[in-house]
Structure formats: structure tokens, C-alpha cells
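Data first, discussion second: the structure below is written as C-alpha cells.
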Amino acid sequence: MNFETILIDKKEAIATITINRPQKLNALNKTTLLELHTALKTLEIDSNIQVIIITGSGEKAFVAGADIAEFANFSANEGHNLARKGQEIVFNFIENLTKPVIAAVNGFALGGGLELAMACHFRIASDNAKMGLPEVSLGVIPGYGGTQRLPQLVGKGKAMELIMTAGMISADQAKDLGLVNHVTSQEELLSFTQKIAEKIIRNSPLAIAAAIKAVNANFDVDKNGFEVEIEAFGNCFGTPDFIEGTTAFLEKRKPNFPGF
């Protein structure tokens, strides 16, 4: 796959997507969103890949926001379409991907950048990272899921404060709030993230996909998360991964899951 704004590196069962617009602090533009969608869609059906990591190029930014120049003159209708399409092809798409997606936040994650990180299944940050949703300082609000996912992760009150002040928080503050799971040095960020990914790929890909679906259902007002969990739990019993996992346990050996 050849892309203009992203890079993809595959190492065993782990794929790393690097947003590669360092001259723009990796800001998201229309091309980047489309390329992210294509890459993620392709990696999801790649049977050799079990975990996806998203990070930014350089040492300054993960993604420092959306490319404001692209939408500064948009009408209300164009703004609606911008948010709807972006959520559909990237942010909601990542959240509901059947394979785990980890954000390795290597610097500024602002606006659409923080929204991208929050759409991932969990986040690891370097100690120089800064995060925030500054949209109200531009006369708009977060439009790629920020008003929904930030309260889910840090609570309503803190999310309201962060959104309304348009302020930034440090990586350590983000960890204290539960916005990121771990903080490392920038030098260790990718290797640390890959070690967690390696722990994930030891487990059943089919069970992990079911777990993602069940956890996400808890945040969907149209679904009963407990019922989704019960159904997904039962469905696991009919899979080759379940047969291999239980057989390996009884035989006191490591499982070799068939997966998708």
C-alpha cells in the first residue's frame, strides 16, 4: 500500500500506522482520514495482523488537530457532513474494529488528534505529550466524538472543564484521569506499546473481537450491554479458538489459536 500521508510497518502480527505530516504536526486533513480508513480496513482483513498501533511521526506531535485551513470557510451543512463522514470512516470505525487498536501518543494530541486517540481501544503516552480539545477557542466544538468519548473516559465534570476551558493537560495528568493507561519516555514509547501488543497476540483473536463488541455495547444507548455479552459469550463456545484454548489448558501447553 502506497500512501501520501501515512506509513505502515508490519512486524510479525503487529502493524504500526504512523501519521506522516511532520511539517503540519501531523494534522488530519481529508486525505489523511481517507488513507487511515483504507489502511485500517485492509489491516482488519489481513489474517497475519492481530494488533494495530497508531502513532505520529517526529518528536513533537501525535496529531496536533485537524487541518483548519481545509474547513475554515465551510457552511453549516458542510460542517455537518465533515463530522458525520469523519466519524463514520475513521473514529467510529476504529472503535468498532474487530482488532485492538492502541494509540501511542508521542506528543501533542489536540482536537481531532485527541479524538483519534480516544477512538482507539486504549492509549499509551510519552512523557512529553500534551492533550486537549481546544475547539471552543475557534468557535466550534469537538466534532469527531470528543464530547462523547472524553466524558466516558474521565467523567462528565472534568470533561466539561477541559472542553470549556480549551486547556491542555500533561501526560501524567491524563494518566491520573484515566485518559491514558501508561506514560513512558518518548524513546521507549513504541517498544513499550509493542510489548503490550505482544501480550495481546498470545490470546484468542476471536475472543478479543467479541470482548471489544461487548464492552462497546455498554456505551451504546440502543443496546443492552449485558445481553450483548451473554450472546457473545455463548458464541465463543462454537469457535475453533475455544476448542484450542480449552484443549491447550487441559493439556498444560500454550494455545495456538486459529483466529479469523
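In the C-alpha cells, chains take the letters A, B, ... in the order shown, each chain's residues start at 1, and ligands count up from 1 in the order shown.
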Inset, instruction - Just list the residues in stretch 38-255 of chain A DSSP gives helix (DSSP H, G or I) on the backbone, as a PyMOL selection string. - result: chain A and resi 38-44+68-70+76-95+112-119+135-138+146-154+156-165+171-177+189-200+205-217+225-236+240-250
Per-residue nearest contacts stretch 4-95 of chain A to stretch 138-157 of chain A, cut-off 12 Å, using only C-alpha atoms, as JSON lines:
{"residue": "A:Leu28", "atom": "CA", "partner": "A:Tyr144", "partner_atom": "CA", "distance": 11.4}
{"residue": "A:Leu33", "atom": "CA", "partner": "A:Tyr144", "partner_atom": "CA", "distance": 11.4}
{"residue": "A:Gly65", "atom": "CA", "partner": "A:Pro142", "partner_atom": "CA", "distance": 10.4}
{"residue": "A:Ala66", "atom": "CA", "partner": "A:Tyr144", "partner_atom": "CA", "distance": 10.0}
{"residue": "A:Ile68", "atom": "CA", "partner": "A:Leu138", "partner_atom": "CA", "distance": 9.6}
{"residue": "A:Phe71", "atom": "CA", "partner": "A:Val140", "partner_atom": "CA", "distance": 11.4}
{"residue": "A:Ala72", "atom": "CA", "partner": "A:Leu138", "partner_atom": "CA", "distance": 9.7}
{"residue": "A:Phe74", "atom": "CA", "partner": "A:Val140", "partner_atom": "CA", "distance": 11.8}
{"residue": "A:Ala76", "atom": "CA", "partner": "A:Val140", "partner_atom": "CA", "distance": 10.9}
{"residue": "A:Gly79", "atom": "CA", "partner": "A:Gly143", "partner_atom": "CA", "distance": 8.8}
{"residue": "A:His80", "atom": "CA", "partner": "A:Gly143", "partner_atom": "CA", "distance": 8.8}
{"residue": "A:Asn81", "atom": "CA", "partner": "A:Gly143", "partner_atom": "CA", "distance": 10.4}
{"residue": "A:Leu82", "atom": "CA", "partner": "A:Gly143", "partner_atom": "CA", "distance": 8.4}
{"residue": "A:Ala83", "atom": "CA", "partner": "A:Gly143", "partner_atom": "CA", "distance": 5.3}
{"residue": "A:Arg84", "atom": "CA", "partner": "A:Tyr144", "partner_atom": "CA", "distance": 8.0}
{"residue": "A:Lys85", "atom": "CA", "partner": "A:Tyr144", "partner_atom": "CA", "distance": 9.3}
{"residue": "A:Gly86", "atom": "CA", "partner": "A:Tyr144", "partner_atom": "CA", "distance": 6.6}
{"residue": "A:Gln87", "atom": "CA", "partner": "A:Tyr144", "partner_atom": "CA", "distance": 5.5}
{"residue": "A:Glu88", "atom": "CA", "partner": "A:Tyr144", "partner_atom": "CA", "distance": 9.3}
{"residue": "A:Ile89", "atom": "CA", "partner": "A:Tyr144", "partner_atom": "CA", "distance": 10.7}
{"residue": "A:Val90", "atom": "CA", "partner": "A:Tyr144", "partner_atom": "CA", "distance": 9.0}
{"residue": "A:Phe91", "atom": "CA", "partner": "A:Tyr144", "partner_atom": "CA", "distance": 6.7}
{"residue": "A:Asn92", "atom": "CA", "partner": "A:Gly145", "partner_atom": "CA", "distance": 8.2}
{"residue": "A:Phe93", "atom": "CA", "partner": "A:Tyr144", "partner_atom": "CA", "distance": 11.5}
{"residue": "A:Ile94", "atom": "CA", "partner": "A:Gly145", "partner_atom": "CA", "distance": 11.8}
{"residue": "A:Glu95", "atom": "CA", "partner": "A:Arg149", "partner_atom": "CA", "distance": 10.4}
Produce a file of the selected residues containing C-alpha atoms, as a tab-separated table (two decimals), in the first residue's frame.
chain	number	residue	atom	x	y	z
A	28	LEU	CA	-5.61	15.49	9.98
A	33	LEU	CA	-8.72	10.46	7.00
A	65	GLY	CA	-5.55	18.64	15.45
A	66	ALA	CA	-7.45	18.88	12.21
A	68	ILE	CA	-8.10	24.10	9.92
A	71	PHE	CA	-12.68	23.85	6.64
A	72	ALA	CA	-12.28	27.47	7.71
A	74	PHE	CA	-17.31	25.75	5.46
A	76	ALA	CA	-23.17	24.68	8.43
A	79	GLY	CA	-19.68	21.16	8.74
A	80	HIS	CA	-22.37	18.53	9.37
A	81	ASN	CA	-21.04	16.41	6.53
A	82	LEU	CA	-17.43	16.82	7.71
A	83	ALA	CA	-18.21	15.49	11.18
A	84	ARG	CA	-20.56	12.74	10.02
A	85	LYS	CA	-18.20	11.33	7.40
A	86	GLY	CA	-15.14	11.60	9.65
A	87	GLN	CA	-16.85	9.76	12.46
A	88	GLU	CA	-18.14	7.09	10.10
A	89	ILE	CA	-14.94	6.28	8.20
A	90	VAL	CA	-12.34	6.75	10.95
A	91	PHE	CA	-13.35	7.41	14.55
A	92	ASN	CA	-16.36	5.10	14.96
A	93	PHE	CA	-14.69	2.70	12.53
A	94	ILE	CA	-11.66	2.38	14.84
A	95	GLU	CA	-13.78	1.99	17.95
Legend entry - Residues flagged strand (DSSP E) by DSSP in stretch 43-207 of chain A, as a PyMOL selection string: chain A and resi 51-56+61-63+101-105+108-110+122-126+130-132+168-170+182-184
Set the distance at 9 Å and use only C-alpha atoms: which residues neighbour A:Ala209 once local chain neighbours fewer than 4 positions away are removed? I'd like the list as a compact mmCIF listing (two decimals) with N, CA and C atoms, in the first residue's frame.
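Generated file (selection24.txt):
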# COMPACT_ATOMS: atom_id res chain seq x y z
N LEU A 97 -13.62 -1.64 15.38
CA LEU A 97 -12.78 -2.59 14.67
C LEU A 97 -12.68 -3.89 15.47
N THR A 98 -12.60 -5.02 14.80
CA THR A 98 -12.54 -6.30 15.49
C THR A 98 -11.16 -6.61 16.04
N LYS A 99 -10.17 -5.81 15.65
CA LYS A 99 -8.81 -5.99 16.16
C LYS A 99 -8.45 -4.82 17.07
N PRO A 100 -7.70 -5.07 18.14
CA PRO A 100 -7.33 -3.99 19.06
C PRO A 100 -6.51 -2.91 18.36
N SER A 204 -6.76 -15.29 22.20
CA SER A 204 -7.67 -15.62 21.10
C SER A 204 -8.14 -14.38 20.36
N PRO A 205 -7.84 -14.25 19.07
CA PRO A 205 -8.34 -13.11 18.29
C PRO A 205 -9.86 -13.06 18.24
N LYS A 213 -16.67 -5.92 21.16
CA LYS A 213 -18.08 -5.71 20.86
C LYS A 213 -18.90 -5.57 22.14
N ALA A 214 -18.63 -6.42 23.12
CA ALA A 214 -19.39 -6.39 24.36
C ALA A 214 -19.12 -5.13 25.18
Inset, instruction - Considering only C-alpha atoms, state which residue in the set A:Lys175, A:Lys199, A:His121, A:Lys60 is at the smallest distance from A:Ile212. - result: A:His121
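Omitting A:Glu244 and its sequence neighbours fewer than 4 positions away, and counting only C-alpha atoms, the residues within 9 Å are A:Thr239, A:Pro240, A:Ala248, A:Phe249, A:Pro255, A:Asn256, A:Phe257, A:Pro258.
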Inset, instruction - Within 9 Å of stretch 45-59 of chain A, counting only C-alpha atoms, which residues show up once you throw out same-chain ones fewer than 3 positions away? Write them as a PyMOL selection string, please. - result: chain A and resi 6+10-22+25-26+40-42+62-63+99-107+117+120+128+186+190+193-194+197-198+200-201+205+259-260
Inset, instruction - Tell me which of A:Glu35, A:Glu251, A:Asp241, A:Glu231 sits closest to A:Thr5, counting only C-alpha atoms. - result: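 Checking each candidate against A:Thr5, we get A:Glu35 as the closest.
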